[in-house]
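Peer 1: So that you have it, the file is start14.cif, and it contains mmCIF, C-alpha atoms and all ligand atoms:
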data_run
#
loop_
_atom_site.label_atom_id
_atom_site.label_comp_id
_atom_site.auth_asym_id
_atom_site.auth_seq_id
_atom_site.Cartn_x
_atom_site.Cartn_y
_atom_site.Cartn_z
CA MET A 1 6.02 6.64 13.56
CA GLU A 2 7.29 7.20 10.07
CA VAL A 3 5.50 5.48 7.20
CA VAL A 4 7.47 5.02 3.98
CA ARG A 5 6.09 4.07 0.59
CA ASN A 6 8.10 3.28 -2.51
CA ILE A 7 6.70 4.52 -5.75
CA GLN A 8 7.90 3.22 -9.06
CA LEU A 9 7.45 5.53 -12.01
CA LYS A 10 8.14 4.58 -15.59
CA LEU A 11 9.60 7.58 -17.43
CA ASP A 12 9.11 8.74 -20.96
CA VAL A 13 12.58 9.82 -22.04
CA SER A 14 13.07 11.23 -25.54
CA GLU A 15 15.54 9.37 -27.80
CA GLU A 16 18.03 12.22 -27.81
CA ASP A 17 18.18 12.26 -24.02
CA HIS A 18 18.99 8.53 -23.75
CA GLU A 19 22.62 9.20 -24.51
CA LEU A 20 22.83 11.87 -21.86
CA LEU A 21 21.26 9.68 -19.19
CA ASP A 22 23.41 6.71 -20.16
CA GLU A 23 26.50 8.89 -19.86
CA THR A 24 25.28 9.98 -16.42
CA PHE A 25 24.86 6.33 -15.38
CA GLU A 26 28.42 5.65 -16.50
CA GLN A 27 29.96 8.65 -14.77
CA PHE A 28 28.00 7.98 -11.60
CA ARG A 29 29.34 4.43 -11.70
CA GLN A 30 32.92 5.67 -12.13
CA ALA A 31 32.53 8.13 -9.26
CA ALA A 32 31.15 5.48 -6.90
CA GLN A 33 33.82 2.99 -8.01
CA HIS A 34 36.60 5.48 -7.44
CA VAL A 35 35.43 5.99 -3.86
CA ALA A 36 35.00 2.23 -3.28
CA ASP A 37 38.52 1.54 -4.63
CA HIS A 38 39.89 4.14 -2.28
CA GLY A 39 38.02 2.98 0.82
CA TRP A 40 38.58 -0.74 0.32
CA ASP A 41 41.24 -2.73 2.16
CA ASP A 42 41.73 -6.50 2.36
CA ASN A 43 41.99 -6.12 6.10
CA PRO A 44 38.37 -5.40 7.03
CA TYR A 45 39.40 -3.26 9.99
CA ASN A 46 41.13 -0.90 7.57
CA ILE A 47 38.10 -0.41 5.31
CA THR A 48 37.17 3.28 5.28
CA ASP A 49 33.44 3.88 5.27
CA THR A 50 33.10 7.31 6.87
CA LYS A 51 31.59 9.76 4.42
CA ASN A 52 33.69 12.65 5.61
CA THR A 53 37.02 10.85 5.26
CA LEU A 54 36.06 9.46 1.88
CA HIS A 55 34.93 12.89 0.76
CA LYS A 56 38.22 14.56 1.64
CA ALA A 57 40.21 11.85 -0.06
CA THR A 58 38.26 11.56 -3.30
CA TYR A 59 36.10 14.60 -4.03
CA SER A 60 38.53 16.80 -5.97
CA ASP A 61 39.87 13.85 -8.00
CA VAL A 62 36.39 12.83 -9.05
CA ARG A 63 35.34 16.38 -9.88
CA GLU A 64 38.44 16.86 -11.99
CA LYS A 65 38.09 13.61 -13.87
CA LEU A 66 34.34 13.65 -14.48
CA SER A 67 31.73 16.20 -15.46
CA LEU A 68 29.24 15.34 -12.68
CA GLN A 69 27.92 18.21 -10.62
CA SER A 70 28.86 18.36 -6.97
CA SER A 71 25.58 16.93 -5.60
CA LEU A 72 25.76 13.87 -7.82
CA VAL A 73 29.39 13.29 -6.81
CA GLN A 74 28.27 13.36 -3.18
CA SER A 75 25.42 10.93 -3.88
CA ALA A 76 27.87 8.54 -5.55
CA ARG A 77 30.20 8.86 -2.58
CA ASN A 78 27.33 8.09 -0.17
CA LEU A 79 26.35 5.05 -2.21
CA ALA A 80 29.95 3.77 -2.08
CA ALA A 81 30.26 4.56 1.63
CA THR A 82 27.12 2.53 2.39
CA ALA A 83 28.37 -0.38 0.28
CA LEU A 84 31.76 -0.31 2.03
CA GLY A 85 30.06 -0.16 5.44
CA ASN A 86 27.90 -3.16 4.56
CA CYS A 87 30.98 -5.17 3.53
CA LYS A 88 32.76 -4.27 6.73
CA ASP A 89 29.75 -5.33 8.84
CA ARG A 90 29.35 -8.60 6.97
CA ILE A 91 32.99 -9.57 7.53
CA ILE A 92 33.55 -8.30 11.06
CA GLU A 93 30.15 -8.70 12.67
CA ASP A 94 28.62 -11.60 10.77
CA GLY A 95 31.85 -13.51 10.04
CA GLU A 96 30.99 -13.76 6.36
CA THR A 97 33.15 -13.07 3.35
CA ALA A 98 32.78 -10.02 1.15
CA SER A 99 34.75 -8.58 -1.71
CA LYS A 100 35.24 -5.02 -2.85
CA PRO A 101 31.99 -3.38 -4.06
CA VAL A 102 31.70 -3.30 -7.85
CA PHE A 103 29.24 -0.86 -9.44
CA LYS A 104 27.57 -1.77 -12.68
CA GLY A 105 26.31 1.58 -13.91
CA THR A 106 22.58 0.84 -13.62
CA VAL A 107 21.68 3.37 -10.97
CA VAL A 108 21.87 7.09 -10.27
CA VAL A 109 20.83 8.38 -6.85
CA TYR A 110 18.99 11.70 -6.81
CA ASN A 111 18.21 14.07 -3.97
CA GLY A 112 16.54 17.46 -3.56
CA ARG A 113 19.30 19.28 -5.42
CA THR A 114 19.44 17.06 -8.45
CA ILE A 115 15.80 16.27 -9.08
CA THR A 116 12.68 18.44 -9.42
CA TYR A 117 9.21 16.90 -9.27
CA ASN A 118 6.26 18.27 -11.15
CA ASP A 119 2.71 17.00 -11.45
CA ASN A 120 3.28 15.03 -14.63
CA HIS A 121 7.03 15.17 -15.23
CA VAL A 122 10.36 15.24 -13.51
CA SER A 123 13.58 17.06 -14.28
CA LEU A 124 16.87 15.28 -13.66
CA ALA A 125 20.43 16.54 -13.41
CA THR A 126 22.83 14.84 -15.82
CA THR A 127 26.44 15.24 -16.88
CA ASP A 128 25.24 18.13 -19.02
CA LYS A 129 21.88 19.92 -19.20
CA ARG A 130 18.85 18.82 -17.22
CA VAL A 131 16.62 16.16 -18.77
CA THR A 132 12.83 16.34 -18.54
CA ALA A 133 10.79 13.13 -18.56
CA GLU A 134 7.06 12.54 -18.26
CA TYR A 135 5.59 9.87 -15.97
CA VAL A 136 4.11 6.83 -17.71
CA THR A 137 1.44 4.57 -16.15
CA PRO A 138 1.99 6.04 -12.73
CA VAL A 139 0.49 3.23 -10.66
CA ASN A 140 2.18 2.04 -7.51
CA GLU A 141 3.22 -1.63 -7.20
CA ASP A 142 0.26 -2.17 -4.98
CA GLY A 143 -2.19 -0.81 -7.54
CA THR A 144 -2.50 2.41 -5.60
CA PRO A 145 -2.72 5.40 -7.93
CA PHE A 146 0.45 7.36 -7.40
CA GLU A 147 -1.54 10.60 -6.96
CA ASP A 148 -2.33 9.33 -3.46
CA TYR A 149 1.31 9.78 -2.53
CA TRP A 150 2.07 12.70 -4.79
CA THR A 151 0.73 15.28 -2.36
CA ASP A 152 2.32 17.80 -0.01
CA GLU A 153 1.42 15.49 2.83
CA TRP A 154 4.10 13.05 1.70
CA GLU A 155 7.69 14.15 1.70
CA LYS A 156 9.66 12.94 -1.27
CA ALA A 157 12.90 11.51 -0.04
CA GLU A 158 15.71 9.97 -2.07
CA ALA A 159 15.02 8.72 -5.57
CA THR A 160 16.98 6.32 -7.74
CA LEU A 161 16.98 6.20 -11.51
CA HIS A 162 17.28 2.78 -13.16
CA GLU A 163 17.50 1.62 -16.72
CA ARG A 164 16.20 -1.75 -17.92
CA ASP A 165 16.14 -2.76 -21.60
CA GLY A 166 16.15 0.83 -22.78
CA THR A 167 13.35 1.88 -20.42
CA TYR A 168 13.94 4.28 -17.55
CA TYR A 169 12.34 3.91 -14.13
CA LEU A 170 12.39 6.21 -11.18
CA HIS A 171 11.98 4.75 -7.69
CA VAL A 172 10.90 7.43 -5.27
CA ALA A 173 10.67 6.94 -1.53
CA VAL A 174 7.95 9.07 0.02
CA LYS A 175 7.46 9.39 3.76
CA LYS A 176 5.00 10.74 6.23
CA GLU A 177 5.06 11.13 9.98
CA VAL A 178 2.07 9.37 11.52
CA GLN A 179 0.79 10.55 14.90
CA PRO A 180 1.63 7.93 17.48
CA ASP A 181 -2.08 7.18 17.67
CA SER A 182 -1.78 3.44 17.85
CA SER A 183 0.22 3.69 21.08
CA ASP A 184 -0.93 1.93 24.26
CA GLU A 185 -2.78 5.01 25.36
CA THR A 186 -5.36 4.90 22.62
CA SER A 187 -5.65 1.15 22.41
CA GLU A 188 -6.98 1.38 25.96
CA ASN A 189 -9.74 3.49 24.54
CA GLY A 190 -10.01 1.55 21.31
CA VAL A 191 -12.88 2.36 19.00
CA VAL A 192 -13.72 -0.36 16.51
CA LEU A 193 -15.25 -0.08 13.07
CA GLY A 194 -16.90 -3.39 12.16
CA VAL A 195 -17.04 -4.36 8.48
CA ASP A 196 -19.23 -6.96 6.77
CA LEU A 197 -18.18 -8.09 3.27
CA ASN A 198 -20.68 -9.49 0.78
CA VAL A 199 -20.70 -11.38 -2.50
CA ASP A 200 -23.92 -9.64 -3.55
CA GLY A 201 -25.56 -6.32 -2.79
CA TYR A 202 -23.25 -3.89 -1.05
CA LEU A 203 -19.64 -5.00 -1.14
CA ALA A 204 -18.85 -3.61 2.32
CA VAL A 205 -21.12 -2.41 5.09
CA THR A 206 -19.81 -0.82 8.29
CA SER A 207 -21.05 -0.76 11.87
CA THR A 208 -21.44 3.00 11.43
CA GLY A 209 -24.02 2.38 8.72
CA ALA A 210 -21.93 3.15 5.64
CA PHE A 211 -22.91 1.05 2.60
CA LEU A 212 -19.97 0.93 0.21
CA GLY A 213 -19.33 -0.51 -3.22
CA ASN A 214 -21.55 -2.74 -5.28
CA ALA A 215 -20.74 -6.45 -5.34
CA ASP A 216 -23.32 -7.08 -8.08
CA TYR A 217 -21.65 -4.53 -10.33
CA LEU A 218 -18.23 -6.07 -9.69
CA ASN A 219 -19.63 -9.53 -10.54
CA HIS A 220 -21.36 -8.18 -13.62
CA LYS A 221 -18.12 -6.67 -14.93
CA ARG A 222 -16.37 -9.94 -14.25
CA ASP A 223 -19.04 -11.97 -16.11
CA GLU A 224 -18.87 -9.56 -19.02
CA TYR A 225 -15.12 -10.03 -19.22
CA GLU A 226 -15.43 -13.83 -18.99
CA ARG A 227 -18.01 -13.86 -21.79
CA ARG A 228 -15.86 -11.78 -24.09
CA ARG A 229 -12.88 -13.94 -23.34
CA GLY A 230 -14.91 -17.08 -24.08
CA ASN A 231 -16.04 -15.72 -27.44
CA LEU A 232 -12.53 -14.71 -28.40
CA GLN A 233 -11.13 -18.08 -27.38
CA GLN A 234 -13.52 -19.74 -29.80
CA THR A 235 -12.20 -17.51 -32.57
CA GLY A 236 -8.74 -18.90 -31.85
CA THR A 237 -6.78 -16.49 -34.04
CA ARG A 238 -3.57 -14.82 -33.04
CA SER A 239 -5.21 -11.40 -32.94
CA ALA A 240 -8.01 -12.82 -30.76
CA HIS A 241 -5.34 -14.13 -28.42
CA LEU A 242 -3.75 -10.69 -28.18
CA THR A 243 -7.14 -9.11 -27.54
CA ILE A 244 -7.76 -11.59 -24.71
CA LYS A 245 -4.51 -10.51 -23.13
CA SER A 246 -5.35 -6.85 -23.41
CA ILE A 247 -8.93 -7.08 -22.09
CA GLY A 248 -7.56 -9.30 -19.30
CA SER A 249 -5.11 -6.71 -18.10
CA ARG A 250 -7.66 -3.94 -18.55
CA PHE A 251 -10.14 -5.82 -16.38
CA ALA A 252 -7.45 -6.53 -13.79
CA ARG A 253 -6.55 -2.84 -13.61
CA TRP A 254 -10.19 -1.82 -13.42
CA SER A 255 -11.05 -4.24 -10.60
CA VAL A 256 -7.98 -3.36 -8.54
CA ASP A 257 -8.86 0.31 -8.91
CA TYR A 258 -12.48 -0.34 -7.94
CA LEU A 259 -11.49 -2.24 -4.79
CA HIS A 260 -8.96 0.42 -4.00
CA ARG A 261 -11.65 3.10 -4.03
CA VAL A 262 -13.91 1.08 -1.75
CA SER A 263 -11.04 0.44 0.67
CA LYS A 264 -10.22 4.14 0.72
CA ALA A 265 -13.83 4.93 1.61
CA LEU A 266 -13.66 2.35 4.41
CA VAL A 267 -10.56 3.93 5.90
CA ARG A 268 -12.14 7.38 5.59
CA GLU A 269 -15.17 6.07 7.47
CA ALA A 270 -12.86 4.85 10.25
CA ILE A 271 -11.07 8.21 10.43
CA GLU A 272 -14.28 10.23 10.52
CA ASN A 273 -15.56 8.11 13.39
CA ASP A 274 -12.27 8.33 15.34
CA CYS A 275 -11.78 4.58 15.12
CA THR A 276 -8.48 3.04 16.21
CA ALA A 277 -9.18 -0.35 14.64
CA ILE A 278 -11.08 -1.92 11.76
CA ALA A 279 -12.50 -5.42 12.21
CA PHE A 280 -13.06 -7.81 9.30
CA GLU A 281 -14.34 -11.32 9.26
CA ASN A 282 -11.56 -13.83 8.98
CA LEU A 283 -11.35 -14.65 5.28
CA LYS A 284 -10.54 -18.32 5.75
CA HIS A 285 -13.81 -18.76 7.58
CA ILE A 286 -15.69 -16.65 5.09
CA ARG A 287 -15.00 -19.27 2.44
CA LYS A 288 -16.91 -21.77 4.54
CA ARG A 289 -19.77 -19.42 5.30
CA ILE A 290 -20.31 -18.26 1.75
CA SER A 291 -20.22 -21.52 -0.12
CA ASN A 292 -20.92 -19.84 -3.45
CA ALA A 293 -18.00 -17.43 -3.14
CA SER A 294 -16.01 -17.83 -6.32
CA LYS A 295 -12.25 -17.60 -6.61
CA PHE A 296 -12.74 -14.12 -7.96
CA GLN A 297 -14.79 -13.00 -4.98
CA GLN A 298 -12.28 -14.49 -2.56
CA TRP A 299 -9.56 -12.63 -4.37
CA ALA A 300 -11.62 -9.42 -4.23
CA PHE A 301 -12.09 -9.71 -0.45
CA ARG A 302 -8.39 -10.37 0.09
CA GLU A 303 -7.45 -7.47 -2.14
CA LEU A 304 -9.87 -5.14 -0.38
CA GLN A 305 -8.58 -6.10 3.03
CA ARG A 306 -4.97 -5.75 1.91
CA HIS A 307 -5.64 -2.25 0.59
CA VAL A 308 -7.36 -1.29 3.82
CA GLU A 309 -4.43 -2.54 5.91
CA TYR A 310 -1.99 -0.66 3.72
CA LYS A 311 -3.99 2.57 3.87
CA ALA A 312 -4.97 2.31 7.56
CA GLU A 313 -1.34 2.04 8.61
CA GLU A 314 -0.79 5.61 7.45
CA TYR A 315 -3.29 6.78 10.03
CA GLY A 316 -2.17 4.52 12.85
CA ILE A 317 -5.33 2.41 12.58
CA ASP A 318 -5.07 -1.34 13.25
CA VAL A 319 -6.80 -3.98 11.16
CA ASP A 320 -7.93 -7.20 12.85
CA ASP A 321 -9.79 -10.40 12.05
CA VAL A 322 -12.61 -12.00 13.99
CA SER A 323 -14.49 -15.27 13.56
CA PRO A 324 -17.49 -14.75 11.30
CA ALA A 325 -19.58 -17.58 12.75
CA TYR A 326 -23.27 -16.57 12.82
CA THR A 327 -22.56 -12.84 12.40
CA SER A 328 -25.53 -12.65 10.05
CA GLN A 329 -27.93 -14.62 12.29
CA GLN A 330 -27.15 -13.02 15.62
CA CYS A 331 -29.01 -9.99 16.95
CA SER A 332 -26.65 -7.04 17.50
CA HIS A 333 -29.11 -4.97 19.49
CA GLY A 334 -27.99 -4.06 23.00
CA GLU A 335 -27.37 -7.13 25.09
CA CYS A 336 -29.86 -9.30 23.21
CA GLY A 337 -27.46 -11.39 21.11
CA PHE A 338 -30.20 -13.88 20.19
CA THR A 339 -29.01 -16.12 17.36
CA HIS A 340 -31.41 -17.81 14.97
CA LYS A 341 -31.38 -18.68 11.30
CA LYS A 342 -34.82 -17.16 10.86
CA ASN A 343 -33.74 -13.80 12.26
CA ARG A 344 -32.57 -13.02 8.77
CA ASP A 345 -34.53 -12.89 5.57
CA GLY A 346 -32.47 -11.56 2.67
CA ASP A 347 -31.61 -7.93 3.40
CA GLU A 348 -33.96 -7.80 6.36
CA PHE A 349 -33.00 -8.65 9.88
CA GLU A 350 -35.71 -8.93 12.48
CA CYS A 351 -34.85 -10.44 15.84
CA LEU A 352 -37.36 -13.15 16.77
CA LYS A 353 -36.70 -12.45 20.43
CA CYS A 354 -36.45 -8.66 20.92
CA GLY A 355 -38.09 -7.62 17.64
CA LYS A 356 -35.25 -5.28 16.57
CA GLN A 357 -35.27 -4.55 12.83
CA LEU A 358 -32.05 -3.68 11.01
CA HIS A 359 -30.55 -3.97 7.56
CA ALA A 360 -29.09 -7.48 7.60
CA ASP A 361 -25.59 -6.40 6.52
CA TYR A 362 -25.53 -3.54 9.00
CA ASN A 363 -26.49 -5.99 11.74
CA ALA A 364 -23.65 -8.31 10.66
CA ALA A 365 -21.13 -5.43 10.61
CA ARG A 366 -22.07 -4.51 14.17
CA ASN A 367 -21.49 -8.12 15.25
CA VAL A 368 -18.10 -8.19 13.54
CA GLY A 369 -16.99 -5.02 15.34
CA TRP A 370 -18.47 -6.16 18.60
CA ARG A 371 -16.46 -9.38 18.46
CA LEU A 372 -13.23 -7.43 18.34
CA VAL A 373 -14.28 -5.33 21.34
CA GLN A 374 -15.09 -8.57 23.20
CA HIS A 375 -11.80 -10.10 22.13
CA TRP A 376 -9.92 -7.10 23.50
CA LEU A 377 -11.84 -7.34 26.75
CA LYS A 378 -10.87 -10.97 27.20
CA SER A 379 -7.24 -10.29 26.42
CA GLY A 380 -6.77 -7.60 29.05
CA ALA A 381 -8.73 -5.38 31.41
CA GLU A 382 -6.82 -2.30 30.26
CA ARG A 383 -9.01 -2.28 27.20
CA ALA A 384 -12.16 -2.07 29.30
CA THR A 385 -13.02 1.25 27.75
CA SER A 386 -13.10 -0.15 24.22
CA GLN A 387 -16.06 0.84 22.12
CA LEU A 388 -17.81 -0.11 18.95
CA ALA A 389 -18.47 2.71 16.51
CA LEU A 390 -22.13 2.83 15.49
CA GLU A 391 -24.21 4.96 13.19
CA SER A 392 -24.90 7.72 15.67
CA GLY A 393 -22.54 7.04 18.53
CA THR A 394 -20.51 4.35 20.23
CA LEU A 395 -21.29 1.33 22.32
CA ASN A 396 -18.93 0.48 25.15
CA ALA A 397 -18.07 -2.98 26.41
CA ASN A 398 -20.76 -2.86 29.07
CA GLY A 399 -23.36 -2.35 26.38
CA ARG A 400 -23.76 1.36 27.14
CA PHE A 401 -24.54 3.48 24.15
CA ARG A 402 -23.12 6.98 23.87
CA PRO A 403 -24.61 9.18 21.15
CA THR A 404 -22.25 11.12 18.90
CA ALA A 405 -23.57 14.49 20.03
CA LEU A 406 -22.33 13.86 23.57
CA ARG A 407 -18.85 12.92 22.54
CA SER A 408 -16.22 15.51 23.18
ZN ZN B 501 -32.61 -9.21 19.58
#
Just give me the structure of the file as structure tokens.
Peer 2:
Amino acid sequence: MEVVRNIQLKLDVSEEDHELLDETFEQFRQAAQHVADHGWDDNPYNITDTKNTLHKATYSDVREKLSLQSSLVQSARNLAATALGNCKDRIIEDGETASKPVFKGTVVVYNGRTITYNDNHVSLATTDKRVTAEYVTPVNEDGTPFEDYWTDEWEKAEATLHERDGTYYLHVAVKKEVQPDSSDETSENGVVLGVDLNVDGYLAVTSTGAFLGNADYLNHKRDEYERRRGNLQQTGTRSAHLTIKSIGSRFARWSVDYLHRVSKALVREAIENDCTAIAFENLKHIRKRISNASKFQQWAFRELQRHVEYKAEEYGIDVDDVSPAYTSQQCSHGECGFTHKKNRDGDEFECLKCGKQLHADYNAARNVGWRLVQHWLKSGAERATSQLALESGTLNANGRFRPTALRS
């Protein structure tokens, strides 16, 4: 399976290069328009959208008229061919109306021959010399630092340059081939990583015994921000208002980054333990369970889970929800499963029936993972070999523990 991510980079283009890029936008527009004019016909069946035919008919004209290099002319032709093809499909196949494509000069399509990527800057072909531009605030839409996708592991595919109010943006598609790990074959032998999320203490605890992130620290940073905002609001001046805005966006960036790092660690934990799925508590139910969960904490859980889903997909790992009812009160040891409010005392879990002692969050994480294994079992016998990943091995659906050392 191929996973594609779209990265948006703001570019720092020097004043003197603006003119050159704007001229490139214009010539690219003219090239694409020339091809669209040629391929268009009011009878949809006569619309030409084959690249080869369009190329033969328009290439030399465009090259003669404009100063675009050959690769950019071909990109413009491809853009026009796709637009013509879309029109044709809309009219003939969908019975809709469509008129001749009109290009507005706000895009240039780049490929391997016309763009060169470097760690902190890019070089772009133009109508004249190449233009170099540095990346500004390179954070992906999702809050993912772009460095995550700026590695050899990800192949940079087509990129498009856009201009908006004098600012230039580069949209780069990066792709990676993911092993077909999430196919039926492995889901039969599913290994689950259970995750318990908390509003205090460790933010996330896994069934493999990983304790990740610090919910208290996250809350503390949030309180600190709220206090500063409160003080500034009392000041009421215009400059105070601007400061509120700036500390607000700084805090937002910081918290997204923090959650991103925790989610990355969670996915790494799943990979290292050969897990095929990650189980979370259903967030809707969590709100009921943790009555003191603030809006901020709910947001943080959602954000964390969203990041995990996003990241896990790249490794063919599924993310699933289970009901969180009594996950913190139930004993996760072997087949015990005894549930009692008094089993738990703060961070300590001690089963009143079998006497098992565990960290309370670790116990909860094991229950969360176990519920997904059970859910799989109920939904089909083919998943009978499903297992829960634990600290030093796995537990299969029959309650049989297999230590890590014995795994192949
Ligand atoms: Zn027990």
Peer 1: Which chains and residue numbers are within 8 Å of ligand ZN 501 (chain B), counting only C-alpha atoms and all ligand atoms, if I want them as a list of chain:residue names?
Peer 2: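 I would give the residues around ligand ZN 501 (chain B) as A:Gln330, A:Cys331, A:Ser332, A:His333, A:Gly334, A:Glu335, A:Cys336, A:Gly337, A:Phe338, A:Glu350, A:Cys351, A:Leu352, A:Lys353, A:Cys354, A:Gly355, A:Lys356.
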Peer 1: Quote the spacing between atom CA of A:Phe103 and atom CA of A:Gln74 in Å to one decimal place.
Peer 2: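 Straight-line distance from atom CA of A:Phe103 to atom CA of A:Gln74 works out to 15.6 Å.
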Peer 1: Go through A:Leu266, A:Ala83, A:Leu218, A:Ala389 one by one, measure the shortest atom-to-atom distance of each to A:Phe251 using only C-alpha atoms, and give the residue with the smallest value.
Peer 2: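 Smallest separation from A:Phe251 among the options: A:Leu218.
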Peer 1: Provide the atom CA of A:Asp345 to atom CA of A:Tyr326 distance in Å, to one decimal place.
Peer 2: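 The value is 13.9 Å.
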Peer 1: Which residues are near A:Asp361? Cut-off 10 Å, all atoms listed in the file, ignore same chain within fewer than 3 positions. Put them as a PyMOL selection string.
Peer 2: chain A and resi 195-198+201-207+209+211+327-328+344+346-349+358+364-367
Peer 1: Hey, can you check how far atom CA of A:Ala210 sits from atom CA of A:Trp376?
Peer 2: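 So the two atoms, atom CA of A:Ala210 and atom CA of A:Trp376, lie 23.8 Å apart.
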Peer 1: Which residues come within 8 Å of stretch 57-59 of chain A, counting all atoms listed in the file, excluding same-chain residues fewer than 5 positions away, as a list in words?
Peer 2: His34, Val35, His38, Val73 and Gln74 of chain A
